[in-house]
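Text of structure14.cif, listed as mmCIF, C-alpha atoms:
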data_start
loop_
_atom_site.label_atom_id
_atom_site.label_comp_id
_atom_site.auth_asym_id
_atom_site.auth_seq_id
_atom_site.Cartn_x
_atom_site.Cartn_y
_atom_site.Cartn_z
CA MET A 20 117.39 111.70 88.47
CA LYS A 21 120.02 110.24 90.81
CA ALA A 22 120.28 113.60 92.62
CA VAL A 23 116.50 113.81 93.09
CA GLU A 24 116.48 110.28 94.56
CA VAL A 25 119.30 111.12 97.00
CA ILE A 26 117.50 114.31 98.11
CA ALA A 27 114.27 112.35 98.69
CA ILE A 28 116.18 109.66 100.63
CA THR A 29 117.84 112.39 102.73
CA ILE A 30 114.51 113.98 103.70
CA ILE A 31 112.92 110.63 104.58
CA LEU A 32 116.01 109.42 106.49
CA SER A 33 116.36 112.69 108.37
CA THR A 34 112.67 112.69 109.36
CA ILE A 35 112.94 109.12 110.71
CA ILE A 36 116.17 109.95 112.63
CA HIS A 37 114.60 113.03 114.24
CA VAL A 38 111.39 111.22 115.25
CA ILE A 39 113.39 108.33 116.76
CA TYR A 40 115.69 110.75 118.61
CA ILE A 41 112.78 112.71 120.13
CA HIS A 42 111.10 109.43 121.13
CA ILE A 43 114.29 108.10 122.82
CA VAL A 44 115.43 111.18 124.75
CA GLU A 45 112.00 112.66 125.62
CA GLU A 46 111.99 113.64 129.33
CA ARG A 47 115.71 112.75 129.63
CA ILE A 48 117.55 115.45 127.67
CA VAL A 49 115.42 118.58 127.93
CA ALA A 50 115.79 122.34 128.28
CA ARG A 51 113.32 125.00 129.42
CA ASP A 52 111.54 127.03 126.76
CA VAL A 53 111.89 130.47 128.41
CA PHE A 54 109.46 132.43 126.22
CA LYS A 55 106.43 130.28 127.07
CA LYS A 56 103.91 130.83 129.85
CA GLY A 57 104.28 128.35 132.67
CA VAL A 58 107.11 125.83 132.77
CA LYS A 59 107.59 124.07 129.45
CA TYR A 60 110.44 121.70 128.65
CA VAL A 61 111.59 120.76 125.16
CA VAL A 62 113.94 118.01 123.87
CA ASP A 63 117.50 119.40 123.66
CA TRP A 64 120.86 118.57 121.99
CA GLY A 65 119.33 118.59 118.51
CA GLY A 66 122.84 118.51 117.08
CA ILE A 67 122.83 114.72 117.47
CA PRO A 68 120.02 113.92 114.98
CA ILE A 69 121.14 116.73 112.65
CA PHE A 70 124.70 115.38 112.49
CA VAL A 71 123.55 111.78 111.93
CA SER A 72 121.16 112.96 109.16
CA LEU A 73 123.75 115.16 107.39
CA ALA A 74 126.48 112.51 107.66
CA ALA A 75 124.14 109.84 106.27
CA SER A 76 123.11 112.09 103.37
CA VAL A 77 126.75 112.90 102.48
CA VAL A 78 127.64 109.17 102.53
CA VAL A 79 124.60 108.30 100.35
CA ALA A 80 125.56 111.08 97.89
CA TYR A 81 129.13 109.73 97.77
CA LEU A 82 127.95 106.17 97.17
CA GLN A 83 125.75 107.43 94.32
CA GLY A 84 128.74 109.23 92.79
CA LEU A 85 127.35 112.73 93.36
CA ILE A 86 130.33 114.00 95.38
CA ASP A 87 134.01 113.09 95.10
CA ASN A 88 135.66 113.08 98.50
CA PRO A 89 133.31 113.18 101.51
CA ILE A 90 136.06 112.93 104.18
CA PRO A 91 136.93 116.68 104.55
CA ILE A 92 133.26 117.68 104.73
CA LEU A 93 132.36 114.91 107.19
CA ALA A 94 135.41 115.69 109.34
CA SER A 95 134.59 119.40 109.39
CA LEU A 96 130.93 118.76 110.30
CA PHE A 97 131.91 116.29 113.01
CA ILE A 98 134.41 118.68 114.63
CA ALA A 99 131.87 121.55 114.58
CA PHE A 100 129.32 119.24 116.21
CA LEU A 101 131.88 118.05 118.79
CA VAL A 102 132.90 121.62 119.72
CA GLY A 103 129.29 122.39 120.63
CA PHE A 104 128.63 118.98 122.17
CA ILE A 105 131.50 119.42 124.66
CA ASP A 106 129.89 122.73 125.66
CA ASP A 107 126.53 120.95 126.04
CA LEU A 108 128.11 118.36 128.33
CA LYS A 109 130.15 120.87 130.36
CA PRO A 110 128.18 124.16 130.47
CA GLY A 111 130.68 125.86 132.79
CA LEU A 112 133.44 126.19 130.19
CA PRO A 113 135.17 129.62 130.00
CA GLY A 114 133.85 132.27 127.58
CA TYR A 115 136.84 132.01 125.23
CA TYR A 116 136.26 128.25 124.66
CA LYS A 117 133.79 128.49 121.78
CA PRO A 118 135.47 131.31 119.76
CA LEU A 119 138.80 129.50 120.11
CA ALA A 120 137.48 125.98 119.46
CA SER A 121 135.45 127.09 116.43
CA VAL A 122 138.74 127.48 114.54
CA ILE A 123 139.23 123.68 114.52
CA PRO A 124 136.44 122.70 112.04
CA VAL A 125 138.27 124.57 109.26
CA VAL A 126 141.38 122.36 109.62
CA PRO A 127 140.12 119.43 107.44
CA LEU A 128 139.18 121.83 104.62
CA ILE A 129 142.61 123.50 104.69
CA TYR A 130 144.46 120.17 105.07
CA TRP A 131 142.71 118.64 102.04
CA GLY A 132 142.89 121.93 100.14
CA ILE A 133 139.09 122.25 99.74
CA TYR A 134 139.06 126.02 99.23
CA PRO A 135 139.54 128.39 96.28
CA SER A 136 142.44 130.83 95.94
CA THR A 137 140.34 133.74 94.67
CA LEU A 138 137.54 135.82 96.14
CA ARG A 139 134.89 136.85 93.63
CA ILE A 140 132.84 139.99 94.36
CA PHE A 141 130.81 141.10 91.28
CA ASP A 142 131.81 139.65 87.91
CA GLY A 143 134.71 142.00 87.19
CA TYR A 144 136.31 141.98 90.63
CA VAL A 145 138.19 138.76 91.36
CA PHE A 146 140.77 139.10 94.14
CA ASN A 147 143.62 136.59 93.85
CA ILE A 148 144.46 135.87 97.49
CA PRO A 149 145.91 132.34 97.79
CA ILE A 150 147.80 133.16 101.01
CA ILE A 151 145.07 135.11 102.77
CA TYR A 152 142.08 132.94 101.78
CA PRO A 153 142.68 130.22 104.44
CA PHE A 154 142.80 132.94 107.12
CA LEU A 155 139.59 134.51 105.82
CA LEU A 156 137.96 131.06 105.77
CA THR A 157 139.03 130.50 109.38
CA LEU A 158 137.59 133.89 110.33
CA GLY A 159 134.41 132.92 108.47
CA PHE A 160 134.08 129.75 110.56
CA VAL A 161 134.62 131.59 113.86
CA ILE A 162 132.06 134.26 112.95
CA SER A 163 129.47 131.89 111.49
CA LEU A 164 129.54 129.24 114.24
CA ASN A 165 129.34 131.77 117.06
CA ALA A 166 126.91 134.17 115.37
CA VAL A 167 124.45 131.33 114.66
CA ASN A 168 124.76 130.12 118.24
CA MET A 169 124.05 133.60 119.59
CA LEU A 170 120.90 134.10 117.51
CA ASP A 171 119.37 130.87 118.83
CA VAL A 172 117.16 132.95 121.13
CA ILE A 173 113.58 132.23 120.07
CA ASN A 174 111.96 129.16 118.51
CA GLY A 175 113.25 128.64 114.98
CA SER A 176 115.32 131.84 114.67
CA ALA A 177 118.76 130.29 114.11
CA VAL A 178 117.64 127.32 112.00
CA SER A 179 115.40 129.32 109.67
CA GLY A 180 118.23 131.87 109.33
CA VAL A 181 120.72 129.20 108.31
CA TYR A 182 118.11 127.63 106.02
CA ILE A 183 117.46 130.90 104.20
CA VAL A 184 121.21 131.63 103.88
CA LEU A 185 121.72 128.11 102.45
CA PHE A 186 118.87 128.72 100.00
CA TYR A 187 120.60 131.88 98.71
CA ILE A 188 123.96 130.07 98.51
CA VAL A 189 122.31 127.38 96.38
CA LEU A 190 120.53 129.97 94.22
CA ALA A 191 123.67 132.10 93.74
CA SER A 192 125.70 128.98 92.84
CA ALA A 193 123.11 127.98 90.26
CA ILE A 194 123.17 131.51 88.81
CA ILE A 195 126.96 131.40 88.30
CA GLY A 196 126.64 127.96 86.70
CA ARG A 197 127.55 125.53 89.48
CA LEU A 198 125.43 122.56 90.58
CA PRO A 199 125.31 122.99 94.36
CA ILE A 200 124.43 119.37 95.20
CA LEU A 201 125.97 119.50 98.69
CA GLY A 202 124.10 122.72 99.54
CA ILE A 203 120.81 121.13 98.46
CA LEU A 204 121.62 118.03 100.54
CA PHE A 205 122.30 120.21 103.58
CA MET A 206 118.91 121.88 103.08
CA ALA A 207 117.19 118.51 102.68
CA GLY A 208 118.86 117.10 105.80
CA LEU A 209 117.95 120.18 107.83
CA ALA A 210 114.31 120.40 106.67
CA PRO A 211 112.76 118.03 109.28
CA PHE A 212 114.60 119.82 112.10
CA LEU A 213 113.36 123.19 110.83
CA VAL A 214 109.76 121.97 110.96
CA LEU A 215 110.24 120.64 114.50
CA ASN A 216 112.10 123.74 115.74
CA VAL A 217 109.76 126.54 114.61
CA TYR A 218 107.16 127.88 117.03
CA PRO A 219 106.09 125.99 119.14
CA ALA A 220 109.40 124.09 119.20
CA LYS A 221 109.49 120.36 119.83
CA ILE A 222 113.29 120.19 119.78
CA PHE A 223 116.13 122.64 120.50
CA LEU A 224 119.47 122.94 118.75
CA GLY A 225 121.68 123.01 121.83
CA ASN A 226 125.25 124.21 121.34
CA SER A 227 126.04 121.06 119.32
CA GLY A 228 123.30 121.84 116.80
CA ALA A 229 124.04 125.57 116.61
CA MET A 230 127.77 125.05 115.98
CA LEU A 231 127.03 122.29 113.46
CA ILE A 232 124.54 124.26 111.37
CA GLY A 233 126.77 127.34 111.68
CA SER A 234 129.50 125.39 109.87
CA LEU A 235 127.20 124.65 106.90
CA ILE A 236 127.38 128.29 105.76
CA PRO A 237 131.19 128.73 105.38
CA ILE A 238 131.55 125.19 103.98
CA SER A 239 128.93 125.74 101.23
CA ALA A 240 129.86 129.38 100.53
CA SER A 241 133.56 128.63 99.98
CA LEU A 242 132.86 125.40 98.10
CA TYR A 243 130.61 127.17 95.59
CA ARG A 244 132.50 130.49 95.73
CA VAL A 245 129.59 132.68 96.70
CA GLU A 246 131.15 134.04 99.89
CA VAL A 247 129.94 137.64 99.49
CA THR A 248 126.33 136.58 98.87
CA ALA A 249 126.50 134.41 102.00
CA LEU A 250 128.02 137.27 104.01
CA PHE A 251 125.19 139.66 103.10
CA ALA A 252 122.53 136.98 103.61
CA MET A 253 123.97 136.50 107.12
CA TYR A 254 123.23 140.16 107.99
CA PRO A 255 120.83 139.40 110.93
CA PHE A 256 123.38 136.96 112.40
CA LEU A 257 126.14 139.56 112.01
CA VAL A 258 124.09 142.40 113.54
CA ASN A 259 123.29 140.23 116.55
CA GLY A 260 126.86 138.99 117.03
CA LEU A 261 128.42 142.39 116.35
CA PHE A 262 126.73 144.03 119.30
CA TYR A 263 127.94 141.34 121.66
CA LEU A 264 131.41 141.84 120.19
CA LEU A 265 131.32 145.64 120.52
CA ARG A 266 129.89 145.55 124.04
CA PHE A 267 132.00 142.75 125.55
CA LYS A 268 134.95 142.58 123.06
CA SER A 269 134.19 138.85 122.73
CA PHE A 270 131.52 136.38 121.60
CA ILE A 271 130.01 135.87 125.02
CA GLU A 272 126.89 133.98 126.06
CA ARG A 273 124.00 135.42 128.03
CA ARG A 274 124.70 133.23 131.06
CA LEU A 275 128.22 134.74 131.20
CA HIS A 276 127.45 138.45 130.71
CA GLY A 277 124.48 138.30 133.11
CA TYR A 278 122.38 141.07 131.50
CA LYS A 279 118.70 140.40 130.91
CA VAL A 280 118.05 141.59 127.35
CA ALA A 281 114.38 140.61 126.95
CA ALA A 282 111.83 138.67 128.98
CA LEU A 283 108.33 137.24 128.77
CA GLY A 284 105.66 139.53 130.28
CA ASP A 285 102.37 138.56 131.93
CA ASP A 286 100.67 139.39 128.61
CA GLY A 287 102.55 136.51 126.93
CA LEU A 288 104.63 138.94 124.86
CA ILE A 289 108.40 139.47 124.82
CA HIS A 290 109.45 142.82 126.37
CA ASP A 291 112.66 144.86 126.21
CA MET A 292 114.07 144.78 129.75
CA CYS A 293 115.65 148.26 129.37
CA GLU A 294 118.61 147.27 131.53
CA ASP A 295 121.46 149.80 131.42
CA GLY A 296 124.60 148.37 129.79
CA ALA A 297 122.80 145.44 128.14
CA PRO A 298 123.98 144.77 124.56
CA ILE A 299 121.51 145.97 121.90
CA VAL A 300 121.16 142.56 120.27
CA LEU A 301 118.68 141.86 117.46
CA LEU A 302 115.92 140.62 119.77
CA LYS A 303 116.21 143.76 121.95
CA PHE A 304 116.11 145.97 118.83
CA LEU A 305 113.01 144.22 117.45
CA VAL A 306 111.02 144.67 120.68
CA ALA A 307 112.33 148.22 121.25
CA SER A 308 109.14 150.10 120.37
CA ARG A 309 106.60 147.57 121.67
CA PRO A 310 106.46 144.02 123.07
CA LYS A 311 105.86 141.27 120.53
CA HIS A 312 104.79 137.65 120.39
CA GLU A 313 107.51 135.02 119.83
CA PHE A 314 105.94 133.84 116.57
CA ARG A 315 105.76 137.39 115.22
CA LEU A 316 109.43 137.89 116.07
CA TRP A 317 110.31 134.71 114.20
CA ILE A 318 108.43 136.06 111.15
CA GLU A 319 110.26 139.42 111.39
CA ILE A 320 113.69 137.77 111.71
CA SER A 321 112.89 135.50 108.73
CA ILE A 322 111.79 138.51 106.63
CA LEU A 323 115.07 140.23 107.49
CA PHE A 324 116.99 137.14 106.32
CA ILE A 325 114.99 137.01 103.06
CA VAL A 326 115.64 140.71 102.31
CA SER A 327 119.35 140.36 103.23
CA GLY A 328 119.71 137.38 100.92
CA LEU A 329 118.12 139.32 98.05
CA VAL A 330 120.73 142.07 98.56
CA GLY A 331 123.45 139.38 98.65
CA LEU A 332 122.20 138.00 95.32
CA LEU A 333 123.08 141.35 93.67
CA PHE A 334 126.74 140.39 94.02
CA VAL A 335 126.34 137.49 91.60
CA LEU A 336 123.75 139.12 89.33
CA ILE A 337 125.75 142.30 88.54
CA MET B 18 106.93 144.76 107.65
CA SER B 19 107.46 146.35 111.07
CA ARG B 20 109.28 149.66 111.66
CA GLU B 21 112.24 147.81 113.17
CA VAL B 22 112.65 145.49 110.16
CA LEU B 23 112.28 148.46 107.81
CA ILE B 24 115.00 150.42 109.65
CA LEU B 25 117.35 147.42 109.63
CA THR B 26 116.71 146.97 105.90
CA VAL B 27 117.54 150.62 105.22
CA GLN B 28 120.76 150.24 107.22
CA LEU B 29 121.66 147.18 105.17
CA MET B 30 121.07 149.17 101.96
CA VAL B 31 123.34 151.98 103.21
CA MET B 32 126.12 149.50 104.02
CA THR B 33 125.69 147.78 100.64
CA LEU B 34 125.94 151.14 98.89
CA LEU B 35 129.17 151.89 100.80
CA VAL B 36 130.66 148.54 99.71
CA VAL B 37 129.61 149.04 96.08
CA VAL B 38 130.96 152.61 95.93
CA SER B 39 134.29 151.67 97.51
CA MET B 40 134.76 148.56 95.36
CA PRO B 41 136.70 150.26 92.48
CA ILE B 42 139.09 151.84 95.04
CA LEU B 43 139.64 148.49 96.76
CA TRP B 44 140.10 146.78 93.39
CA ASN B 45 142.74 149.31 92.29
CA LEU B 46 144.55 148.93 95.58
CA ALA B 47 144.48 145.14 95.37
CA SER B 48 145.63 144.93 91.75
CA THR B 49 148.52 147.43 92.01
CA PRO B 50 151.65 145.99 93.67
CA ILE B 51 153.04 148.39 96.29
CA LEU B 52 155.82 146.34 97.86
CA PRO B 53 158.22 143.97 96.00
CA ILE B 54 157.64 140.94 98.26
CA ARG B 55 154.20 139.49 97.42
CA MET B 56 153.44 138.11 100.86
CA VAL B 57 154.27 141.41 102.61
CA ASP B 58 152.31 143.28 99.94
CA GLN B 59 149.21 141.12 100.57
CA ALA B 60 149.59 141.44 104.34
CA LEU B 61 149.78 145.24 104.10
CA LYS B 62 146.73 145.38 101.85
CA THR B 63 144.83 143.09 104.21
CA LEU B 64 145.55 145.53 107.03
CA VAL B 65 144.24 148.40 104.89
CA PHE B 66 141.08 146.37 104.09
CA LEU B 67 140.59 145.56 107.78
CA GLY B 68 140.94 149.29 108.56
CA ILE B 69 138.24 150.09 105.98
CA LEU B 70 136.06 147.31 107.43
CA TYR B 71 136.51 148.82 110.89
CA ILE B 72 135.28 152.20 109.59
CA TYR B 73 132.21 150.46 108.06
CA VAL B 74 131.49 148.74 111.38
CA LYS B 75 131.75 152.06 113.26
CA ILE B 76 129.37 153.76 110.81
CA PHE B 77 126.89 150.89 111.23
CA ASP B 78 127.31 150.97 115.01
CA LYS B 79 126.38 154.68 115.12
CA MET B 80 123.32 154.18 112.85
CA TYR B 81 122.08 151.16 114.80
CA LYS B 82 122.46 152.69 118.26
CA TRP B 83 120.86 155.96 117.15
CA SER B 84 117.85 154.16 115.66
CA TYR B 85 117.47 152.01 118.80
CA LYS B 86 117.37 155.18 120.92
CA MET B 87 114.70 156.63 118.61
CA LEU B 88 112.58 153.47 118.82
CA ALA B 89 113.04 152.43 122.44
CA ARG B 90 110.33 153.00 125.01
CA CYS B 91 112.87 152.65 127.83
CA GLY B 92 112.78 155.67 130.16
CA ARG B 93 109.73 157.16 128.42
CA GLU B 94 107.05 155.39 130.45
#
File written out as structure tokens:
Amino acid sequence: MKAVEVIAITIILSTIIHVIYIHIVEERIVARDVFKKGVKYVVDWGGIPIFVSLAASVVVAYLQGLIDNPIPILASLFIAFLVGFIDDLKPGLPGYYKPLASVIPVVPLIYWGIYPSTLRIFDGYVFNIPIIYPFLLTLGFVISLNAVNMLDVINGSAVSGVYIVLFYIVLASAIIGRLPILGILFMAGLAPFLVLNVYPAKIFLGNSGAMLIGSLIPISASLYRVEVTALFAMYPFLVNGLFYLLRFKSFIERRLHGYKVAALGDDGLIHDMCEDGAPIVLLKFLVASRPKHEFRLWIEISILFIVSGLVGLLFVLI
Amino acid sequence: MSREVLILTVQLMVMTLLVVVSMPILWNLASTPILPIRMVDQALKTLVFLGILYIYVKIFDKMYKWSYKMLARCGRE
């Protein structure tokens, strides 16, 4: 009963925080919504209300005795938020900043020893890797934070992706007999933002939000030991990030590589720009055969996440 | 489900099948000590795993780029 109350409090608190944030910063902190006809601006730096909501929910859960030590989780979330927030404040930072800085959020987890020493893939295959696990976890953070940030291309794509991955992490944890209270709290805290970010978006993630929600996946997956399920559920994120990595040998943003991957046509649909040398990212792949509406693309990306998560679930079911 | 989503799903299935099929080999490699020093042994095995991962990525890369070329309207209009 206590857990249900905390989840309800988290949703209510998070909704209030988001509404107040939008009300305060409206017309002050905004970014252009590029896939809309005409010039439309939307509230930006959504990482701020998300961080406040998640931090508040973790503290409430701790006060109610649902989690033991909130410090490593809070520290990790705060650093992930800060890494993105610095990029929001200073957009001209070099391309290596984010991949390099996204190593830092893992430090609190390693310092407090909040990670397992084994990697479980199917029931019979448990790899005992106490030395390598921290390195894999660090790699997981770098990949997750940057991959989430790079898929934040259309309204709701990154947040719904993270939300679906978190759902599968929670489900997989429950299947192997763990109560994933923190995963459920993350979902509850993120729910109001998800509603406000899907098409037509009323708030954007910004780098602060993307890096912050990107950290929720490795934190929850390692905490509940469902890393392989999370990895497969992240398939659309990985596909998108991989083709930046293969093309530019780095996680590089659009403003830095300069290629136009897709653009809004006069028909209100998103078109493949067919530019030679442009990375074949997920958005470009999805509009390859014909132009599509932003909302339809969001549906397609979400379906891909749902299917990927189902495949990931096999690794705990078998 | 659109053609693009269907193709990406099939590619995911192929990669999953590769992982599942290679799992017993990886498991045998991981559970059999090759070198006497544990840390060096784990480091060597990690390198082997990363090599296998690289092969997976290359296979996926080929599939993805080929299917994009099949789907794309670029240069056909």
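Picture a line from atom CA of Val161 of chain A to atom CA of Pro127 of chain A; it runs 14.8 Å.
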Fill in the blank from the handout: Taken to one decimal, the atom CA of His312 of chain A-atom CA of Leu185 of chain A distance is 26.4 Å
Problem - Nearest to Asp285 of chain A, chosen from A:Ser192, A:Gly57, A:Ser136, A:Asp52, with all atoms listed in the file counted in the distances - result: A:Gly57
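One distance worth recording is that between atom CA of Ser321 of chain A and atom CA of Gly180 of chain A, which is 6.5 Å.
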Handout entry: Expansion of the PyMOL selection byres ((chain B) within 10 of (chain A)) into residues, as a count of residues only
Key = 40
Handout entry: Nearby residues (only C-alpha atoms) at most 10 Å from Ser179 of chain A, same-chain spacing under 4 positions excluded, as a list in words
Key =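 My list of contacting residues is Asn174, Gly175, Ile183, Val184, Leu185, Leu209, Ala210, Phe212, Leu213, Val214, Asn216, Val217, Trp317, Ile318, Ile320, Ser321 and Phe324 of chain A.
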Writing out the chosen residues with C-alpha atoms as a short mmCIF file (atom, residue, chain, number, x, y, z; two decimals), in the coordinates of the input:
data_model
loop_
_atom_site.label_atom_id
_atom_site.label_comp_id
_atom_site.auth_asym_id
_atom_site.auth_seq_id
_atom_site.Cartn_x
_atom_site.Cartn_y
_atom_site.Cartn_z
CA ASN A 174 111.96 129.16 118.51
CA GLY A 175 113.25 128.64 114.98
CA ILE A 183 117.46 130.90 104.20
CA VAL A 184 121.21 131.63 103.88
CA LEU A 185 121.72 128.11 102.45
CA LEU A 209 117.95 120.18 107.83
CA ALA A 210 114.31 120.40 106.67
CA PHE A 212 114.60 119.82 112.10
CA LEU A 213 113.36 123.19 110.83
CA VAL A 214 109.76 121.97 110.96
CA ASN A 216 112.10 123.74 115.74
CA VAL A 217 109.76 126.54 114.61
CA TRP A 317 110.31 134.71 114.20
CA ILE A 318 108.43 136.06 111.15
CA ILE A 320 113.69 137.77 111.71
CA SER A 321 112.89 135.50 108.73
CA PHE A 324 116.99 137.14 106.32
#
Practice task
Check what the PyMOL selection byres ((chain A and resi 23) around 12) selects in the file above and give those residues as a PyMOL selection string.
Solution key: chain A and resi 20-22+24-30+80+83+85+200+203-204+207
For those residues, write C-alpha atoms to a file as a short mmCIF file (atom, residue, chain, number, x, y, z; two decimals), keeping the file's coordinate frame.
data_model
loop_
_atom_site.label_atom_id
_atom_site.label_comp_id
_atom_site.auth_asym_id
_atom_site.auth_seq_id
_atom_site.Cartn_x
_atom_site.Cartn_y
_atom_site.Cartn_z
CA MET A 20 117.39 111.70 88.47
CA LYS A 21 120.02 110.24 90.81
CA ALA A 22 120.28 113.60 92.62
CA GLU A 24 116.48 110.28 94.56
CA VAL A 25 119.30 111.12 97.00
CA ILE A 26 117.50 114.31 98.11
CA ALA A 27 114.27 112.35 98.69
CA ILE A 28 116.18 109.66 100.63
CA THR A 29 117.84 112.39 102.73
CA ILE A 30 114.51 113.98 103.70
CA ALA A 80 125.56 111.08 97.89
CA GLN A 83 125.75 107.43 94.32
CA LEU A 85 127.35 112.73 93.36
CA ILE A 200 124.43 119.37 95.20
CA ILE A 203 120.81 121.13 98.46
CA LEU A 204 121.62 118.03 100.54
CA ALA A 207 117.19 118.51 102.68
#
Practice task
Can you work out which one of B:Leu46, B:Leu64, B:Leu35, B:Ile51 has the shortest atom-to-atom distance to Ile76 of chain B, counting only C-alpha atoms?
Solution key: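 Of B:Leu46, B:Leu64, B:Leu35, B:Ile51, the one nearest Ile76 of chain B, counting only C-alpha atoms, is B:Leu35.
Proximity of A:Phe97, A:Thr248, A:Trp64, A:Ile105 to Ile195 of chain A, computed with all atoms listed in the file, is greatest for A:Thr248.
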Exercise for the section: Check what the PyMOL selection byres ((chain A and resi 260) around 12) selects in the file above and give those residues as a ChimeraX atom specification. Expected result: /A:118,161-171,253-259,261-273,298-302
